[in-house]
file query_20.txt (compact mmCIF, C-alpha atoms)
# COMPACT_ATOMS: atom_id res chain seq x y z
CA MET A 15 -66.50 114.91 12.08
CA ASN A 16 -64.63 116.48 9.15
CA ASN A 17 -65.59 115.49 5.63
CA ASN A 18 -62.34 113.58 4.95
CA ARG A 19 -62.81 111.32 7.96
CA GLU A 20 -66.51 110.82 7.30
CA CYS A 21 -65.77 109.82 3.72
CA ALA A 22 -63.00 107.39 4.77
CA ASP A 23 -65.24 105.86 7.45
CA TYR A 24 -67.98 105.31 4.89
CA PHE A 25 -65.71 103.32 2.56
CA ARG A 26 -63.96 101.46 5.41
CA ARG A 27 -67.28 100.13 6.69
CA LYS A 28 -67.94 98.45 3.35
CA ARG A 29 -65.53 95.54 2.87
CA GLU A 30 -66.35 95.38 -0.84
CA TYR A 31 -64.17 98.48 -1.34
CA ASP A 32 -61.05 96.95 0.30
CA ARG A 33 -59.36 95.70 -2.85
CA CYS A 34 -60.25 98.82 -4.76
CA PHE A 35 -58.51 101.13 -2.28
CA LEU A 36 -55.43 98.92 -2.06
CA GLU A 37 -55.03 99.12 -5.84
CA ILE A 38 -55.70 102.88 -5.90
CA ARG A 39 -52.98 103.40 -3.28
CA LYS A 40 -50.51 101.36 -5.39
CA LYS A 41 -51.21 103.54 -8.42
CA TRP A 42 -50.78 106.73 -6.40
CA GLU A 43 -47.49 105.45 -4.98
CA SER A 44 -46.29 104.70 -8.52
CA TYR A 45 -47.33 107.97 -10.21
CA GLY A 46 -47.80 110.46 -7.37
CA LYS A 47 -51.00 111.75 -8.98
CA VAL A 48 -54.41 110.71 -10.27
CA SER A 49 -53.22 108.48 -13.11
CA GLY A 50 -53.41 104.91 -14.29
CA ARG A 51 -56.02 102.18 -14.65
CA ILE A 52 -57.38 99.96 -11.88
CA VAL A 53 -58.11 96.31 -12.70
CA LEU A 54 -59.81 93.97 -10.20
CA ALA A 55 -59.76 90.38 -11.48
CA ASP A 56 -62.27 87.78 -10.27
CA ALA A 57 -64.51 90.49 -8.85
CA THR A 58 -67.29 89.47 -6.49
CA GLU A 59 -70.91 90.49 -7.03
CA GLU A 60 -70.64 92.80 -3.99
CA GLU A 61 -67.61 94.54 -5.52
CA LYS A 62 -69.39 94.95 -8.86
CA ARG A 63 -72.49 96.49 -7.25
CA ALA A 64 -70.53 98.81 -4.94
CA LEU A 65 -68.14 100.17 -7.58
CA GLY A 66 -70.81 100.20 -10.25
CA GLY A 67 -72.92 102.40 -8.01
CA ILE A 68 -70.09 104.88 -7.44
CA LEU A 69 -68.90 104.93 -11.06
CA GLY A 70 -72.31 104.75 -12.69
CA LYS A 71 -71.34 101.64 -14.63
CA SER A 72 -72.49 98.05 -14.90
CA PHE A 73 -69.95 95.21 -14.67
CA TYR A 74 -71.13 91.87 -16.03
CA ASP A 75 -68.02 89.73 -16.41
CA GLY A 76 -65.51 88.73 -13.73
CA GLU A 77 -63.30 91.81 -14.09
CA ILE A 78 -63.73 95.43 -13.01
CA ARG A 79 -61.84 98.11 -14.91
CA PHE A 80 -61.79 101.87 -14.39
CA THR A 81 -59.32 104.75 -14.39
CA MET A 82 -58.19 106.70 -11.35
CA ARG A 83 -59.60 109.84 -12.96
CA GLU A 84 -63.01 108.18 -13.36
CA PHE A 85 -63.05 107.32 -9.66
CA GLN A 86 -62.10 110.86 -8.61
CA GLU A 87 -64.72 112.42 -10.88
CA ALA A 88 -67.35 110.03 -9.55
CA LEU A 89 -66.40 110.99 -5.99
CA GLN A 90 -67.12 114.65 -6.81
CA LYS A 91 -70.71 113.74 -7.64
CA THR A 92 -71.36 112.43 -4.13
CA ARG A 93 -71.89 114.28 -0.85
CA PHE A 94 -68.12 114.03 -0.39
CA ALA A 95 -67.40 116.35 -3.32
CA SER A 96 -64.96 118.46 -1.32
CA VAL A 97 -62.69 115.45 -0.57
CA THR A 98 -59.63 114.94 -2.80
CA LEU A 99 -58.49 111.43 -3.62
CA HIS A 100 -55.12 112.13 -1.97
CA ASP A 101 -56.73 113.19 1.34
CA LEU A 102 -59.17 110.29 1.20
CA LEU A 103 -56.35 107.75 0.81
CA GLU A 104 -54.40 109.21 3.75
CA GLN A 105 -57.49 109.16 5.96
CA TYR A 106 -58.53 105.69 4.79
CA PHE A 107 -55.15 104.08 5.55
CA GLY A 108 -54.34 106.28 8.54
CA GLN A 109 -50.87 107.30 7.36
CA PRO A 110 -49.19 109.85 5.08
CA LEU A 111 -49.27 108.96 1.41
CA ARG A 112 -45.80 108.75 -0.12
CA THR A 113 -44.74 107.84 -3.63
CA ASN A 114 -42.32 105.00 -4.29
CA GLN A 115 -39.77 107.61 -5.30
CA GLU A 116 -40.20 109.39 -1.98
CA LYS A 117 -39.92 106.11 -0.07
CA SER A 118 -36.74 105.23 -1.97
CA ALA A 119 -35.25 108.66 -1.23
CA ALA A 120 -36.13 108.35 2.47
CA LYS A 121 -34.61 104.87 2.62
CA LYS A 122 -31.43 106.10 0.94
CA ALA A 123 -31.24 109.01 3.37
CA LYS A 124 -31.48 106.58 6.31
CA GLN A 125 -28.70 104.44 4.83
CA GLU A 126 -26.50 107.49 4.35
CA LYS A 127 -27.17 108.53 7.93
CA PHE A 128 -26.20 105.01 9.05
CA PHE A 129 -22.86 105.17 7.25
CA ASP A 130 -22.26 108.71 8.50
CA SER A 131 -22.80 107.51 12.06
CA LEU A 132 -20.20 104.75 11.55
CA VAL A 133 -17.61 107.20 10.22
CA THR A 134 -18.29 109.53 13.16
CA TYR A 135 -17.99 106.64 15.62
CA PHE A 136 -14.58 105.58 14.33
CA HIS A 137 -13.35 109.19 14.22
CA GLN A 138 -14.39 109.78 17.82
CA ASN A 139 -12.74 106.54 18.98
CA GLY A 140 -9.42 107.33 17.33
CA THR A 141 -9.59 104.27 15.09
CA ASN A 142 -6.96 103.90 12.38
CA ARG A 143 -7.79 105.94 9.27
CA GLN A 144 -7.78 102.78 7.13
CA VAL A 145 -10.87 101.52 8.95
CA THR A 146 -12.74 104.72 8.13
CA ASP A 147 -11.54 104.42 4.53
CA TRP A 148 -13.03 100.92 4.46
CA ILE A 149 -16.45 102.30 5.45
CA LEU A 150 -16.26 105.15 2.94
CA THR A 151 -15.11 102.85 0.12
CA MET A 152 -17.77 100.29 1.01
CA ARG A 153 -20.47 102.93 0.73
CA LYS A 154 -19.15 104.42 -2.50
CA SER A 155 -18.27 101.23 -4.39
CA ARG A 156 -20.90 98.96 -2.82
CA LYS A 157 -18.16 96.40 -2.27
CA TYR A 158 -16.22 95.02 0.69
CA GLY A 159 -19.29 93.83 2.61
CA TYR A 160 -21.85 96.43 1.50
CA SER A 161 -24.65 94.05 0.46
CA MET A 162 -24.29 91.90 3.56
CA LEU A 163 -24.20 94.92 5.87
CA ILE A 164 -27.26 96.55 4.28
CA SER A 165 -29.13 93.26 4.61
CA GLU A 166 -28.24 93.18 8.31
CA TRP A 167 -29.22 96.85 8.69
CA LYS A 168 -32.66 96.20 7.21
CA LYS A 169 -33.24 93.47 9.79
CA ASN A 170 -31.86 95.35 12.79
CA PRO A 171 -30.02 98.70 12.52
CA ASP A 172 -28.65 98.46 16.08
CA SER A 173 -27.26 94.99 15.44
CA ALA A 174 -25.70 96.17 12.17
CA SER A 175 -24.02 99.10 13.93
CA LEU A 176 -22.62 96.87 16.64
CA VAL A 177 -21.16 94.32 14.23
CA VAL A 178 -19.43 97.07 12.23
CA GLN A 179 -18.07 98.69 15.37
CA ASN A 180 -16.66 95.36 16.58
CA THR A 181 -15.26 94.54 13.15
CA GLY A 182 -13.70 97.98 12.88
CA ALA A 183 -12.05 97.49 16.28
CA ALA A 184 -10.74 94.12 15.07
CA LEU A 185 -9.31 95.65 11.89
CA ASP A 186 -7.70 98.39 13.98
CA GLU A 187 -6.10 95.67 16.12
CA LEU A 188 -4.88 93.86 12.99
CA ILE A 189 -3.23 96.99 11.65
CA CYS A 190 -1.38 97.49 14.94
CA HIS A 191 -0.48 93.98 16.13
CA GLN A 192 2.68 92.22 14.95
CA GLU A 193 2.60 88.63 16.23
CA GLU A 194 0.50 85.68 15.07
CA VAL A 195 -2.59 85.06 17.16
CA PRO A 196 -5.20 82.24 17.07
CA LEU A 197 -8.57 83.31 15.67
CA ALA A 198 -10.43 82.48 18.89
CA VAL A 199 -7.94 84.45 21.02
CA PHE A 200 -8.14 87.38 18.59
CA ALA A 201 -11.96 87.37 18.69
CA ALA A 202 -12.02 87.16 22.50
CA LYS A 203 -9.60 90.07 22.78
CA CYS A 204 -11.69 92.27 20.47
CA THR A 205 -15.20 91.27 21.59
CA LYS A 206 -14.85 89.00 24.66
CA ASN A 207 -16.49 86.26 22.54
CA PRO A 208 -14.01 83.68 21.13
CA HIS A 209 -16.49 82.58 18.45
CA TYR A 210 -17.51 86.07 17.30
CA PHE A 211 -15.49 85.94 14.07
CA ASP A 212 -16.00 82.24 13.31
CA ARG A 213 -16.21 81.33 9.64
CA GLY A 214 -19.75 81.71 8.28
CA THR A 215 -20.99 84.20 10.90
CA THR A 216 -22.05 87.71 9.92
CA ALA A 217 -19.14 89.19 11.86
CA GLY A 218 -16.72 86.62 10.46
CA ASN A 219 -17.75 87.39 6.89
CA LEU A 220 -17.61 91.14 7.46
CA LEU A 221 -14.12 90.82 8.95
CA LEU A 222 -13.01 89.00 5.78
CA HIS A 223 -14.41 91.84 3.65
CA GLY A 224 -12.53 94.35 5.77
CA ILE A 225 -9.29 92.38 5.45
CA CYS A 226 -9.82 92.13 1.68
CA PHE A 227 -10.02 95.94 1.59
CA LEU A 228 -6.86 96.35 3.65
CA GLU A 229 -4.92 93.76 1.63
CA LYS A 230 -6.47 94.53 -1.78
CA ASN A 231 -7.43 90.85 -1.89
CA GLU A 232 -10.29 88.97 -3.57
CA TYR A 233 -12.91 87.56 -1.21
CA PRO A 234 -12.04 83.92 -0.33
CA GLN A 235 -14.13 81.33 -2.17
CA ASN A 236 -13.34 78.27 -0.03
CA ALA A 237 -11.87 77.15 3.29
CA TYR A 238 -8.36 77.05 1.89
CA ASP A 239 -8.55 80.64 0.64
CA TRP A 240 -10.16 81.69 3.94
CA ARG A 241 -7.29 80.22 5.93
CA THR A 242 -4.68 81.70 3.57
CA LEU A 243 -6.16 85.19 3.90
CA LEU A 244 -6.27 85.03 7.70
CA LEU A 245 -2.68 83.79 7.90
CA LYS A 246 -1.65 86.65 5.63
CA VAL A 247 -2.65 89.11 8.37
CA GLY A 248 -1.35 87.01 11.26
CA ILE A 249 -4.55 85.27 12.35
CA VAL A 250 -4.22 81.51 12.83
CA PRO A 251 -7.49 79.56 12.22
CA ASP A 252 -8.37 76.28 13.91
CA ASN A 253 -5.48 74.07 12.85
CA ILE A 254 -6.36 70.91 14.76
CA SER A 255 -9.71 69.71 13.39
CA ASN A 256 -8.62 70.50 9.81
CA MET A 257 -6.88 67.29 8.77
CA VAL A 258 -6.04 64.68 6.15
CA THR A 259 -4.95 61.06 6.65
CA GLU A 260 -1.78 59.88 4.90
CA TYR A 261 0.25 56.76 4.35
CA GLY A 262 3.76 56.66 2.86
CA ILE A 263 4.25 60.45 2.60
CA HIS A 264 7.49 62.20 3.55
CA LEU A 265 7.27 65.72 5.00
CA GLN A 266 10.25 68.02 4.52
CA THR A 267 11.26 70.66 7.11
CA SER A 268 14.10 73.18 7.03
CA THR A 269 16.25 70.73 8.99
CA GLY A 270 15.36 67.51 7.18
CA LEU A 271 12.55 64.97 7.09
CA HIS A 272 9.88 65.34 9.77
CA PRO A 273 10.83 62.73 12.41
CA ALA A 274 7.29 61.95 13.59
CA TYR A 275 5.98 61.18 10.11
CA GLU A 276 9.15 59.29 9.25
CA ALA A 277 8.36 57.08 12.25
CA PHE A 278 4.89 56.41 10.80
CA TYR A 279 6.57 55.62 7.47
CA GLN A 280 9.06 53.19 9.02
CA MET A 281 6.34 51.43 11.02
CA LYS A 282 4.06 51.27 7.94
CA GLN A 283 1.34 53.10 9.83
CA PRO A 284 -1.04 55.82 8.61
CA GLY A 285 -0.69 59.29 10.13
CA VAL A 286 -3.08 62.21 10.54
CA ILE A 287 -1.77 65.56 9.30
CA THR A 288 -3.45 68.68 10.67
CA MET A 289 -2.90 72.27 9.61
CA GLU A 290 -0.92 72.69 12.81
CA ASN A 291 1.40 69.88 11.73
CA LEU A 292 1.92 71.60 8.38
CA ARG A 293 3.26 74.76 9.98
CA GLY A 294 6.95 74.85 9.14
CA ILE A 295 6.66 72.19 6.44
CA GLU A 296 8.53 73.13 3.26
CA GLY A 297 7.70 70.19 1.03
CA ALA A 298 6.18 66.72 0.70
CA PHE A 299 6.86 63.77 -1.60
CA SER A 300 6.26 60.04 -2.13
CA ASP A 301 8.77 57.28 -2.88
CA ASN A 302 7.81 56.64 -6.49
CA GLY A 303 6.24 59.96 -7.49
CA LEU A 304 2.66 58.64 -7.36
CA VAL A 305 0.03 59.44 -4.73
CA TYR A 306 -3.36 57.74 -4.64
CA ILE A 307 -6.16 59.81 -3.10
CA VAL A 308 -9.57 58.48 -2.07
CA GLU A 309 -12.39 60.32 -0.37
CA ASN A 310 -13.82 57.39 1.60
CA GLU A 311 -12.34 56.19 4.91
CA MET A 312 -13.44 52.58 4.42
CA VAL A 313 -11.82 52.41 0.98
CA PHE A 314 -8.64 53.93 2.42
CA SER A 315 -8.55 51.26 5.14
CA TYR A 316 -9.15 48.51 2.58
CA LEU A 317 -6.34 49.76 0.33
CA LEU A 318 -4.02 50.11 3.29
CA GLU A 319 -4.65 46.54 4.33
CA HIS A 320 -3.80 45.22 0.85
CA VAL A 321 -0.85 47.43 -0.14
CA LYS A 322 1.00 47.74 3.17
CA GLU A 323 4.03 45.85 1.90
CA THR A 324 4.47 48.13 -1.12
CA SER A 325 5.89 51.63 -1.60
CA ILE A 326 2.47 53.07 -2.33
CA ALA A 327 1.52 56.53 -0.98
CA LEU A 328 -2.11 57.09 0.00
CA LEU A 329 -4.24 60.01 1.16
CA CYS A 330 -7.81 60.04 2.49
CA THR A 331 -9.72 63.34 2.34
CA SER A 332 -12.95 62.14 4.02
CA GLY A 333 -15.10 63.94 1.46
CA GLN A 334 -14.47 67.55 0.53
CA PHE A 335 -10.86 68.72 0.38
CA ARG A 336 -10.15 70.72 3.49
CA ALA A 337 -7.28 73.18 3.77
CA ALA A 338 -4.85 70.56 5.13
CA ALA A 339 -5.47 68.27 2.16
CA LEU A 340 -5.15 71.11 -0.35
CA GLU A 341 -1.90 72.36 1.16
CA LEU A 342 -0.43 68.86 1.24
CA VAL A 343 -1.38 68.25 -2.40
CA ASP A 344 0.21 71.60 -3.26
CA PHE A 345 3.48 70.41 -1.73
CA LEU A 346 3.30 67.06 -3.54
CA VAL A 347 2.62 68.64 -6.92
CA GLN A 348 5.45 71.14 -6.41
CA LYS A 349 7.80 68.19 -5.92
CA GLY A 350 6.55 66.67 -9.17
CA ASP A 351 4.37 63.90 -7.76
CA TYR A 352 1.47 62.69 -9.91
CA ILE A 353 -1.98 62.39 -8.31
CA TYR A 354 -4.46 59.57 -8.92
CA TYR A 355 -7.82 60.61 -7.50
CA SER A 356 -10.82 58.33 -6.98
CA GLY A 357 -14.14 59.49 -5.59
CA ASP A 358 -17.80 58.59 -5.56
CA MET A 359 -19.60 59.00 -8.86
CA ASP A 360 -22.54 60.97 -7.59
CA PRO A 361 -23.00 64.70 -8.33
CA ASP A 362 -21.16 65.90 -5.21
CA GLY A 363 -18.29 63.44 -5.66
CA MET A 364 -17.89 64.37 -9.31
CA LEU A 365 -17.79 68.06 -8.45
CA ILE A 366 -14.95 67.38 -5.99
CA ALA A 367 -13.04 65.47 -8.68
CA ASP A 368 -13.66 68.16 -11.29
CA LYS A 369 -12.45 70.90 -8.96
CA LEU A 370 -9.22 69.01 -8.16
CA TRP A 371 -8.58 68.32 -11.84
CA LYS A 372 -9.13 71.99 -12.75
CA LYS A 373 -6.65 73.05 -10.06
CA TYR A 374 -3.93 70.66 -11.23
CA PRO A 375 -4.82 69.62 -14.81
CA GLU A 376 -1.26 68.47 -15.59
CA HIS A 377 -0.81 66.49 -12.39
CA VAL A 378 -4.18 64.78 -11.72
CA CYS A 379 -5.56 61.60 -13.22
CA LEU A 380 -9.17 60.69 -12.41
CA TRP A 381 -8.77 57.14 -11.22
CA ARG A 382 -11.47 54.55 -11.87
CA MET A 383 -13.89 57.32 -12.80
CA SER A 384 -14.85 56.37 -16.35
CA VAL A 385 -18.24 55.52 -17.83
CA THR A 386 -17.34 51.81 -17.63
CA ASP A 387 -16.41 52.15 -13.96
CA TYR A 388 -19.62 54.04 -13.31
CA LEU A 389 -21.77 51.33 -14.89
CA ASP A 390 -19.84 48.56 -13.12
CA SER A 391 -20.33 50.06 -9.66
CA LEU A 392 -23.92 51.31 -9.74
CA SER A 393 -25.85 51.42 -6.49
CA GLU A 394 -29.58 51.62 -5.87
CA GLU A 395 -29.22 55.22 -4.68
CA VAL A 396 -31.46 57.44 -6.82
CA VAL A 397 -30.09 60.79 -7.98
CA ASN A 398 -32.90 63.35 -8.09
CA LYS A 399 -33.41 66.15 -10.60
CA GLN A 400 -32.03 68.82 -8.29
CA GLN A 401 -28.82 66.86 -7.77
CA LEU A 402 -28.48 66.20 -11.50
CA SER A 403 -28.60 69.94 -12.18
CA LYS A 404 -25.21 70.26 -10.44
CA LEU A 405 -23.60 68.30 -13.29
CA THR A 406 -23.99 71.14 -15.78
CA VAL A 407 -20.89 72.91 -14.42
CA LEU A 408 -18.51 69.96 -14.95
CA GLU A 409 -15.56 70.76 -17.23
CA ASN A 410 -13.61 67.50 -17.31
CA SER A 411 -14.62 65.54 -20.44
CA GLN A 412 -14.37 62.20 -18.63
CA LEU A 413 -16.79 63.35 -15.94
CA ARG A 414 -19.12 64.91 -18.50
CA GLU A 415 -19.43 61.50 -20.20
CA ILE A 416 -20.45 59.97 -16.87
CA ALA A 417 -22.96 62.80 -16.39
CA VAL A 418 -24.66 61.88 -19.67
CA GLU A 419 -25.19 58.31 -18.46
CA MET A 420 -26.20 59.42 -14.98
CA LYS A 421 -28.97 61.61 -16.39
CA LYS A 422 -30.34 58.54 -18.17
CA ILE A 423 -29.97 56.02 -15.34
CA ARG A 424 -30.39 58.37 -12.37
CA LYS A 425 -28.32 56.19 -10.09
CA ALA A 426 -25.19 56.96 -8.05
CA SER A 427 -22.02 54.87 -8.09
CA TYR A 428 -19.74 54.47 -5.08
CA GLN A 429 -16.04 53.68 -4.92
CA GLU A 430 -16.59 50.93 -2.33
CA ASN A 431 -17.91 48.83 -5.23
CA LEU A 432 -14.58 49.22 -7.04
CA LYS A 433 -12.23 48.57 -4.15
CA GLU A 434 -10.76 45.34 -5.57
CA LEU A 435 -9.92 47.10 -8.86
CA LEU A 436 -8.38 50.00 -6.93
CA VAL A 437 -6.10 47.52 -5.15
CA GLU A 438 -5.08 45.97 -8.47
CA ASP A 439 -4.15 49.40 -9.84
CA CYS A 440 -2.07 50.23 -6.78
CA ASN A 441 -0.17 46.95 -6.96
CA LYS A 442 0.63 47.52 -10.64
CA HIS A 443 2.43 50.77 -9.81
CA SER A 444 4.06 49.71 -6.55
call {"tool": "encode", "arguments": {"input": "query_20.txt", "output": "structure tokens"}}
result
Amino acid sequence: MNNNRECADYFRRKREYDRCFLEIRKKWESYGKVSGRIVLADATEEEKRALGGILGKSFYDGEIRFTMREFQEALQKTRFASVTLHDLLEQYFGQPLRTNQEKSAAKKAKQEKFFDSLVTYFHQNGTNRQVTDWILTMRKSRKYGYSMLISEWKKNPDSASLVVQNTGAALDELICHQEEVPLAVFAAKCTKNPHYFDRGTTAGNLLLHGICFLEKNEYPQNAYDWRTLLLKVGIVPDNISNMVTEYGIHLQTSTGLHPAYEAFYQMKQPGVITMENLRGIEGAFSDNGLVYIVENEMVFSYLLEHVKETSIALLCTSGQFRAAALELVDFLVQKGDYIYYSGDMDPDGMLIADKLWKKYPEHVCLWRMSVTDYLDSLSEEVVNKQQLSKLTVLENSQLREIAVEMKKIRKASYQENLKELLVEDCNKHS
């Protein structure tokens, strides 16, 4: 048995040296030489005796301290004098000893090799030059999907390669194709999986980054921006499940008012507007220039029941504003309609209201969302500390006043408790 192995075996057999060698390896990886101080907190009696014997010291308190140089010099006074600390560490851990700098360089080299392989792949497959430019720009600028791709590569390099290859093929198809195509059909054509580029998937997100590179576009921050970006390159998202419910709204097409929604209007019935329905729509407006929006379906039904004989226009978003609701509101605002918005006064509901107000500050009134309304419609629903932290980003002064009270009371308020007052307001303006 060579001296290095015999020395390593000696220390490995004694568990009281385990922590010591782990810390010594960390120091070597940091400095690449015999340097630095080792500190073992809460040392056991066994550790104190073992290291004290090697170092020729006595340790009385709960902490052991010594320098790397002291340990190496002490090692030279044993029968293992010919063993260097570097060789001992490699033998002890059974693997080459590399510094953190060396590890970082090796990791970077692997990443560069990964990107080189992608460029080679697209060259060999005759992919459009713009796709290769995307890869090169991503690597150089660390934008356009870099962080997400590296994260995927760390988990599974093969999976990362495949998703880039499929995304590159999809971008190549986008550059070449001319006609609009549904997202699911596009994904199936490129990968044989209709859900491959669904929103929120790794491939879906990477495709968006690639499109942003091609179009010199900012990365979409919400569903509306996501849909807008895809439509810009001729990809049609799911337009059926994305919807908003309306009452009393007129939709304008290039040839006149939309006949289906005019029928709903004449029959005093609510209608569901999907993104598919909004294709070809050029405008939207109400009879008296006012549109009341609520987020809750029950409140919408209650209002509808009590204002059916008026000229009121209503919308129900069912919570967060989806793309259909945002596009419809865009049309209404462009026509000069004024928006009254009422939502729940809990952190999530107030964030929705604040976001709408920030988008259309000159056209949106927060309806029945004052401190008085909050106090008059309190529920027993407790708002926890984590939820309250969301309120710090509110910009609307009216909502910030509610937030002050909410932090004291820690209760949510719901618009169902204000439904009679909402009806009164609608009737005043009808």
call {"tool": "closest_atom_pairs", "arguments": {"input": "query_20.txt", "of": "region 196-305 of chain A", "to": "region 140-163 of chain A", "cutoff": "7 Å", "atoms": "all atoms listed in the file", "output": "CSV"}}
result
residue,atom,partner,partner_atom,distance
A:Leu220,CA,A:Gly159,CA,5.8
A:His223,CA,A:Tyr158,CA,4.7
A:Gly224,CA,A:Tyr158,CA,6.3
A:Phe227,CA,A:Tyr158,CA,6.3
call {"tool": "atom_distance", "arguments": {"input": "query_20.txt", "atom1": "CA of Glu229 (chain A)", "atom2": "CA of Thr242 (chain A)"}}
result
12.2 Å
call {"tool": "residues_around", "arguments": {"input": "query_20.txt", "residues": "Ala426 (chain A)", "least_positions_apart": "5", "cutoff": "8 Å", "atoms": "all atoms listed in the file", "output": "list in words"}}
result
Asp358, Met359, Asp360, Leu392, Ser393, Glu394, Glu395, Val396, Val397 and Met420 of chain A
call {"tool": "residues_around", "arguments": {"input": "query_20.txt", "residues": "Gln90 (chain A)", "least_positions_apart": "5", "cutoff": "12 Å", "atoms": "only C-alpha atoms", "output": "PyMOL selection string"}}
result
chain A and resi 21+68-69+83-85+95-99
call {"tool": "axis_aligned_box", "arguments": {"input": "query_20.txt", "around": "region 180-194 of chain A", "padding_each_side": "4 Å", "output": "AutoDock Vina command-line options"}}
result
--center_x -7.0 --center_y 92.0 --center_z 14.1 --size_x 27.3 --size_y 20.7 --size_z 12.9
call {"tool": "closest_residue", "arguments": {"input": "query_20.txt", "among": "A:Val48, A:Val385, A:Leu328, A:Leu365", "to": "Lys404 (chain A)", "atoms": "all atoms listed in the file"}}
result
A:Leu365
call {"tool": "closest_residue", "arguments": {"input": "query_20.txt", "among": "A:Ser391, A:Ser315, A:Asn219, A:Gln109", "to": "Thr259 (chain A)", "atoms": "only C-alpha atoms"}}
result
A:Ser315
call {"tool": "residues_around", "arguments": {"input": "query_20.txt", "residues": "Val247 (chain A)", "least_positions_apart": "2", "cutoff": "10 Å", "atoms": "all atoms listed in the file", "output": "VMD selection string"}}
result
chain A and resid 185 188 to 189 191 to 195 225 228 to 229 242 to 245 249 to 250
call {"tool": "residues_around", "arguments": {"input": "query_20.txt", "residues": "Thr269 (chain A)", "least_positions_apart": "5", "cutoff": "12 Å", "atoms": "all atoms listed in the file", "output": "ChimeraX atom specification"}}
result
/A:294-297
call {"tool": "closest_residue", "arguments": {"input": "query_20.txt", "among": "A:Asp239, A:Asn398, A:Lys91, A:Arg27", "to": "Arg336 (chain A)", "atoms": "all atoms listed in the file"}}
result
A:Asp239
call {"tool": "atom_distance", "arguments": {"input": "query_20.txt", "atom1": "CA of Met82 (chain A)", "atom2": "CA of Gly108 (chain A)"}}
result
20.3 Å
call {"tool": "closest_residue", "arguments": {"input": "query_20.txt", "among": "A:Phe278, A:Trp42, A:Phe345, A:Tyr238", "to": "Arg213 (chain A)", "atoms": "all atoms listed in the file"}}
result
A:Tyr238
call {"tool": "residues_around", "arguments": {"input": "query_20.txt", "residues": "Lys433 (chain A)", "least_positions_apart": "3", "cutoff": "9 Å", "atoms": "only C-alpha atoms", "output": "list in words"}}
result
Val313, Tyr316, Leu317, Gln429, Glu430, Leu436, Val437 and Glu438 of chain A
